[in-house]
file entry-v9.txt (compact mmCIF, C-alpha atoms)
# COMPACT_ATOMS: atom_id res chain seq x y z
CA GLY A 1475 -12.56 -7.15 79.33
CA LYS A 1476 -9.44 -7.45 77.20
CA VAL A 1477 -11.05 -9.75 74.58
CA SER A 1478 -14.12 -7.53 74.12
CA PHE A 1479 -11.89 -4.45 73.82
CA MET A 1480 -9.85 -6.18 71.08
CA SER A 1481 -12.95 -7.34 69.20
CA SER A 1482 -14.52 -3.87 69.38
CA LEU A 1483 -11.16 -2.44 68.25
CA ASP A 1484 -11.11 -4.94 65.36
CA SER A 1485 -14.68 -4.07 64.40
CA GLY A 1486 -13.81 -0.35 64.62
CA VAL A 1487 -10.83 -0.93 62.32
CA MET A 1488 -13.06 -2.93 59.95
CA ILE A 1489 -15.62 -0.08 59.87
CA ILE A 1490 -12.86 2.43 59.11
CA LYS A 1491 -11.47 0.15 56.35
CA MET A 1492 -14.96 -0.17 54.84
CA LYS A 1493 -15.47 3.60 54.95
CA VAL A 1494 -12.06 4.12 53.30
CA ALA A 1495 -12.97 1.59 50.59
CA ILE A 1496 -16.30 3.37 49.98
CA LEU A 1497 -14.55 6.76 49.80
CA LYS A 1498 -11.94 5.36 47.36
CA ASN A 1499 -14.75 3.99 45.20
CA GLU A 1500 -16.56 7.35 45.25
CA LEU A 1501 -13.31 9.10 44.39
CA ASP A 1502 -12.72 6.75 41.44
CA GLU A 1503 -16.26 7.38 40.18
CA ALA A 1504 -15.79 11.14 40.56
CA ASN A 1505 -12.49 10.91 38.62
CA ASP A 1506 -14.23 8.94 35.85
CA ARG A 1507 -16.99 11.57 35.61
CA ALA A 1508 -14.39 14.36 35.52
CA ASN A 1509 -12.44 12.57 32.77
CA ASN A 1510 -15.65 12.06 30.80
CA ALA A 1511 -16.57 15.72 31.19
CA GLU A 1512 -13.08 16.79 30.04
CA SER A 1513 -13.34 14.51 27.00
CA ILE A 1514 -16.75 15.95 26.07
CA LEU A 1515 -15.39 19.47 26.56
CA ARG A 1516 -12.39 18.74 24.28
CA ASP A 1517 -14.74 17.37 21.60
CA LYS A 1518 -16.92 20.49 21.82
CA GLU A 1519 -13.83 22.73 21.63
CA VAL A 1520 -12.69 20.88 18.49
CA THR A 1521 -16.16 21.40 16.99
CA ILE A 1522 -16.11 25.09 17.92
CA ASP A 1523 -12.64 25.49 16.36
CA LYS A 1524 -13.86 23.83 13.16
CA VAL A 1525 -16.93 26.08 12.98
CA GLU A 1526 -14.78 29.18 13.63
CA ASN A 1527 -12.36 28.14 10.87
CA ASP A 1528 -15.26 27.53 8.49
CA LEU A 1529 -16.64 30.97 9.32
CA LYS A 1530 -13.22 32.57 8.73
CA ALA A 1531 -12.95 30.80 5.36
CA ALA A 1532 -16.50 31.73 4.29
CA PRO A 1533 -15.69 35.28 3.02
CA GLN A 1534 -12.80 33.93 0.94
CA LYS A 1535 -15.01 31.20 -0.53
CA LEU A 1536 -17.69 33.80 -1.25
CA SER A 1537 -15.13 36.03 -2.92
CA LEU A 1538 -13.93 33.13 -5.11
CA THR A 1539 -17.53 32.32 -6.01
CA GLU A 1540 -18.16 35.97 -6.94
CA ASP A 1541 -15.01 35.93 -9.11
CA GLU A 1542 -16.24 32.77 -10.85
CA LEU A 1543 -19.63 34.43 -11.38
CA ASP A 1544 -17.94 37.53 -12.86
CA LYS A 1545 -15.89 35.32 -15.22
CA ALA A 1546 -19.00 33.39 -16.24
CA GLU A 1547 -20.87 36.64 -16.91
CA SER A 1548 -17.94 37.94 -18.98
CA SER A 1549 -17.82 34.69 -20.96
CA LEU A 1550 -21.57 34.81 -21.51
CA SER A 1551 -21.35 38.43 -22.64
CA ALA A 1552 -18.53 37.59 -25.08
CA LEU A 1553 -20.43 34.58 -26.44
CA THR A 1554 -23.60 36.68 -26.84
CA THR A 1555 -21.64 39.33 -28.76
CA ARG A 1556 -20.07 36.66 -31.00
CA ALA A 1557 -23.49 35.07 -31.62
CA GLU A 1558 -25.02 38.45 -32.50
CA THR A 1559 -22.12 39.22 -34.83
CA ALA A 1560 -22.42 35.82 -36.50
CA GLN A 1561 -26.17 36.30 -36.90
CA LYS A 1562 -25.69 39.75 -38.48
CA GLN A 1563 -23.08 38.34 -40.85
CA ALA A 1564 -25.44 35.51 -41.76
CA GLU A 1565 -28.29 37.98 -42.37
CA GLU A 1566 -26.02 40.21 -44.47
CA ALA A 1567 -24.84 37.22 -46.48
CA GLN A 1568 -28.39 35.99 -47.15
CA PRO A 1569 -29.34 38.58 -49.83
CA THR A 1570 -26.01 37.93 -51.53
CA MET A 1571 -26.77 34.21 -51.61
CA LYS A 1572 -30.25 34.92 -53.06
CA VAL A 1573 -28.63 36.99 -55.77
CA ILE A 1574 -26.15 34.19 -56.50
CA GLU A 1575 -28.96 31.59 -56.58
CA GLU A 1576 -31.02 33.62 -59.06

call {"tool": "encode", "arguments": {"input": "entry-v9.txt", "output": "structure tokens"}}
result
Amino acid sequence: GKVSFMSSLDSGVMIIKMKVAILKNELDEANDRANNAESILRDKEVTIDKVENDLKAAPQKLSLTEDELDKAESSLSALTTRAETAQKQAEEAQPTMKVIEE
């Protein structure tokens, strides 16, 4: 009686130890999955922050681009005016040159 009680007690303890080991393993795996999920979430939050910052900066970039366009249009207008003036002066000088050549 006493020997079989001890061996069944030992096997009961072994079963409990095995169950505890299995539970620890499952807990470790669950912790790993949670850590992975947190890492993925952090990466996505970083991406979202970057996109939000890009969106906030977009109006300023657009405004700078519009300013550059305005400056380019002003420069083009000034150059066009200068070209027209130079052309008129050249046309006005042409008859004078013909007179000089004759």

call {"tool": "atom_distance", "arguments": {"input": "entry-v9.txt", "atom1": "CA of Glu1526 (chain A)", "atom2": "CA of Ile1514 (chain A)"}}
result
18.3 Å

call {"tool": "atom_distance", "arguments": {"input": "entry-v9.txt", "atom1": "CA of Glu1519 (chain A)", "atom2": "CA of Ala1532 (chain A)"}}
result
19.7 Å

call {"tool": "axis_aligned_box", "arguments": {"input": "entry-v9.txt", "around": "region 1482-1490 of chain A", "padding_each_side": "5 Å", "output": "JSON"}}
result
{"center_x": -13.2, "center_y": -1.3, "center_z": 64.2, "size_x": 14.8, "size_y": 17.4, "size_z": 20.3}

call {"tool": "decode", "arguments": {"input": "entry-v9.txt", "residues": "region 1549-1562 of chain A", "atoms": "N, CA and C atoms", "output": "mmCIF file, in the first residue's frame"}}
result
data_model
loop_
_atom_site.group_PDB
_atom_site.id
_atom_site.type_symbol
_atom_site.label_atom_id
_atom_site.label_comp_id
_atom_site.auth_asym_id
_atom_site.auth_seq_id
_atom_site.Cartn_x
_atom_site.Cartn_y
_atom_site.Cartn_z
ATOM 1 N N SER A 1549 9.403 87.289 -63.231
ATOM 2 C CA SER A 1549 10.656 87.332 -64.001
ATOM 3 C C SER A 1549 10.368 87.185 -65.482
ATOM 4 N N LEU A 1550 9.485 86.268 -65.833
ATOM 5 C CA LEU A 1550 9.131 86.063 -67.237
ATOM 6 C C LEU A 1550 8.495 87.315 -67.820
ATOM 7 N N SER A 1551 7.613 87.942 -67.038
ATOM 8 C CA SER A 1551 6.950 89.159 -67.494
ATOM 9 C C SER A 1551 7.979 90.270 -67.723
ATOM 10 N N ALA A 1552 8.917 90.411 -66.784
ATOM 11 C CA ALA A 1552 9.958 91.437 -66.918
ATOM 12 C C ALA A 1552 10.837 91.161 -68.132
ATOM 13 N N LEU A 1553 11.206 89.891 -68.327
ATOM 14 C CA LEU A 1553 12.043 89.537 -69.480
ATOM 15 C C LEU A 1553 11.296 89.778 -70.794
ATOM 16 N N THR A 1554 10.006 89.464 -70.815
ATOM 17 C CA THR A 1554 9.191 89.693 -72.012
ATOM 18 C C THR A 1554 9.149 91.185 -72.345
ATOM 19 N N THR A 1555 8.927 91.999 -71.308
ATOM 20 C CA THR A 1555 8.890 93.456 -71.497
ATOM 21 C C THR A 1555 10.232 93.956 -72.035
ATOM 22 N N ARG A 1556 11.332 93.471 -71.455
ATOM 23 C CA ARG A 1556 12.661 93.890 -71.916
ATOM 24 C C ARG A 1556 12.897 93.457 -73.359
ATOM 25 N N ALA A 1557 12.448 92.242 -73.694
ATOM 26 C CA ALA A 1557 12.634 91.741 -75.070
ATOM 27 C C ALA A 1557 11.825 92.583 -76.056
ATOM 28 N N GLU A 1558 10.584 92.918 -75.664
ATOM 29 C CA GLU A 1558 9.738 93.736 -76.537
ATOM 30 C C GLU A 1558 10.353 95.119 -76.733
ATOM 31 N N THR A 1559 10.864 95.690 -75.645
ATOM 32 C CA THR A 1559 11.500 97.005 -75.707
ATOM 33 C C THR A 1559 12.731 96.947 -76.611
ATOM 34 N N ALA A 1560 13.532 95.923 -76.443
ATOM 35 C CA ALA A 1560 14.742 95.777 -77.266
ATOM 36 C C ALA A 1560 14.367 95.608 -78.729
ATOM 37 N N GLN A 1561 13.318 94.838 -78.990
ATOM 38 C CA GLN A 1561 12.870 94.634 -80.371
ATOM 39 C C GLN A 1561 12.394 95.951 -80.985
ATOM 40 N N LYS A 1562 11.620 96.729 -80.219
ATOM 41 C CA LYS A 1562 11.138 98.033 -80.720
ATOM 42 C C LYS A 1562 12.315 98.946 -81.019
#
